[in-house]
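Peer 1: Starting off with a structure, shown below.
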Amino acid sequence: MALGPMDAERFWELIELARAEAGPIGDDIDDRLADSLIELLVRLPLDDIVAFELRFSELQGRFFDREDVYAAAFLVQHGCGDDSFSDFRAAMVGLGRHWYERVLADPDHLALHPAVQGIAAGTIDESALFMERFQYAATHAYKRVTGDDSGMYHALASAEQDELEDEADDVDNEPRLLPRLAELFPAAQASYARFYLD
């Protein structure tokens with residue numbers, strides 16, 4: 001099966017529709033956002049669900065080797081393992097295009113996001129920006145349409161995707177301070193500095 005990438009405008013339109021349906025970020029945003037996105041995706045042709053997943057994975061992957069994005073995840077949750085970092089990178093997509101691009105440019109911008117400020121204030125659970133279920137929404141949608149537990153994985157394995165244009169700027173990939181996030185999460189910053197900056 002030959003698949004081109006899902007158009008970026010269409011992808012972000014679906015994300016924004018899901019976000020509008022899910023409501024504000026809170027402790028259960030992962031489930032609400034996943035449910036909203038699944039309901040949108042099941043209305044699409046199967047090829048479009050696969051194309052959406054390819055685009056999602058590519059956007060999430062732009063953060064994979066970013067030490068500064070990892071630092072942001074560490075500060076927000078006061079620690080971050082591999083699975084948690086995957087969930088955090090998915091959440092950056094779930095924040096929508098505006099915030100995704102701001103974080104891509106400089107993850108310290110997250111200190112200005114209301115959800116991050118709520119986490120720092122203790123009014124929102126620190127796990128709100130770690131979205132495990134949301135990142136598998138396309139897989140759940142594919143399964144719901146086909147009844148096939150492994151159908152999405154087979155579809156992805158056989159899909160041929162054109163290279164998506166790399167929109168990310170070159171970044172210094174060394175561990176570094178994120179001063180605004182560090183101010184919000186001083187205890188986590190102390191731990192991060194001890195593990196990665198000393």
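For the structure tokens, the naming scheme is as follows: chains receive sequential letters (A, B, ...) according to their order of presentation, residues are indexed from 1 within each chain, and ligands are indexed from 1 in presentation order.
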DSSP on the backbone: what in stretch 50-102 of chain A comes out helix (DSSP H, G or I), as a VMD selection string?
Peer 2: chain A and resid 50 to 61 67 to 77 82 to 94 97 to 102
Peer 1: With only C-alpha atoms counted and 10 Å as the cut-off, give the residues of stretch 53-97 of chain A in contact with stretch 25-49 of chain A, each with its shortest interatomic distance in Å and the pair that gives it, as a tab-separated table.
Peer 2:
residue	atom	partner	partner_atom	distance
A:Glu53	CA	A:Ile49	CA	6.3
A:Leu54	CA	A:Ile49	CA	8.7
A:Arg55	CA	A:Ile49	CA	10.0
A:Asp87	CA	A:Asp30	CA	9.7
A:Ala91	CA	A:Asp30	CA	8.4
A:Gly94	CA	A:Leu33	CA	7.8
A:Leu95	CA	A:Ile25	CA	9.0
Peer 1: Output C-alpha atoms of each residue in that selection to a file, as a PDB file, in the first residue's frame.
Peer 2:
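out-v4.pdb written:
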ATOM      1  CA  GLU A  53      -0.857   7.723  12.639  1.00  0.00           C
ATOM      2  CA  LEU A  54       2.145   8.161  10.350  1.00  0.00           C
ATOM      3  CA  ARG A  55       1.924  11.941  10.717  1.00  0.00           C
ATOM      4  CA  ASP A  87       3.709   9.915  26.709  1.00  0.00           C
ATOM      5  CA  ALA A  91       1.002  15.297  24.892  1.00  0.00           C
ATOM      6  CA  GLY A  94      -2.139  17.001  21.992  1.00  0.00           C
ATOM      7  CA  LEU A  95      -1.577  20.605  23.049  1.00  0.00           C
TER       8      LEU A  95
END
Peer 1: For A:Ala121, which of A:Leu177, A:Leu184, A:Leu59, A:Ala73 is the closest residue, counting only C-alpha atoms?
Peer 2: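 Closest residue, counting only C-alpha atoms: A:Leu184.
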Peer 1: Enumerate, as a CSV table (one decimal) with all heavy atoms, in the first residue's frame, the complete set of residues in chain A that a backbone-based DSSP assignment places in strand (DSSP E).
Peer 2:
chain,number,residue,atom,x,y,z
A,2,ALA,N,0.7,2.1,-0.9
A,2,ALA,CA,1.5,3.4,-1.0
A,2,ALA,C,0.7,4.5,-0.4
A,2,ALA,O,-0.4,4.8,-0.8
A,2,ALA,CB,1.8,3.7,-2.4
A,3,LEU,N,1.2,5.1,0.6
A,3,LEU,CA,0.5,6.2,1.3
A,3,LEU,C,1.4,7.4,1.4
A,3,LEU,O,2.6,7.3,1.7
A,3,LEU,CB,0.2,5.8,2.8
A,3,LEU,CG,-1.0,4.9,3.1
A,3,LEU,CD1,-1.0,4.7,4.6
A,3,LEU,CD2,-2.3,5.6,2.6
A,160,GLU,N,4.1,2.6,2.6
A,160,GLU,CA,5.2,3.4,2.1
A,160,GLU,C,4.9,4.8,2.2
A,160,GLU,O,4.0,5.3,1.6
A,160,GLU,CB,5.5,3.0,0.6
A,160,GLU,CG,5.9,1.6,0.4
A,160,GLU,CD,6.0,1.2,-1.1
A,160,GLU,OE1,6.0,2.2,-1.9
A,160,GLU,OE2,6.2,0.1,-1.4
A,161,GLN,N,5.7,5.5,3.0
A,161,GLN,CA,5.4,6.9,3.3
A,161,GLN,C,6.5,7.8,2.7
A,161,GLN,O,7.7,7.5,2.9
A,161,GLN,CB,5.3,7.2,4.8
A,161,GLN,CG,5.0,8.7,5.1
A,161,GLN,CD,5.2,8.9,6.6
A,161,GLN,OE1,5.9,8.3,7.3
A,161,GLN,NE2,4.5,10.0,7.1
Peer 1: In Å, how far is it from atom CA of A:Pro107 to atom CA of A:Ser191?
Peer 2: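 These atoms are spaced 18.3 Å apart.
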Peer 1: Nearest to A:Leu14 among A:Tyr70, A:Phe130, A:Phe85, A:Ala138, with distances taken over only C-alpha atoms: which residue is it?
Peer 2: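 Of the candidates, the smallest distance to A:Leu14 is held by A:Ala138.
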Peer 1: Take atom CA of A:Leu104 and atom CA of A:Arg89 and report the distance between them in Å, one decimal.
Peer 2: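 Between atom CA of A:Leu104 and atom CA of A:Arg89 the gap works out to 10.5 Å.
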Peer 1: Find, counting only C-alpha atoms, the residue in A:Leu181, A:Ala141, A:Ala111, A:Ala128 that gets nearest to A:Trp99.
Peer 2: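 Closest to A:Trp99 of all the choices is A:Ala111.
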Peer 1: Restricting the calculation to only C-alpha atoms: of A:Ala115, A:Ala137, A:Ala18, A:Ala72, which residue gets closest to A:Leu178?
Peer 2: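 Nearest candidate to A:Leu178 out of A:Ala115, A:Ala137, A:Ala18, A:Ala72: A:Ala72.
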Peer 1: Which value, in Å to one decimal, gives the distance between atom CA of A:Ala20 and atom CA of A:His98?
Peer 2: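 Interatomic distance, atom CA of A:Ala20 to atom CA of A:His98: 14.3 Å.
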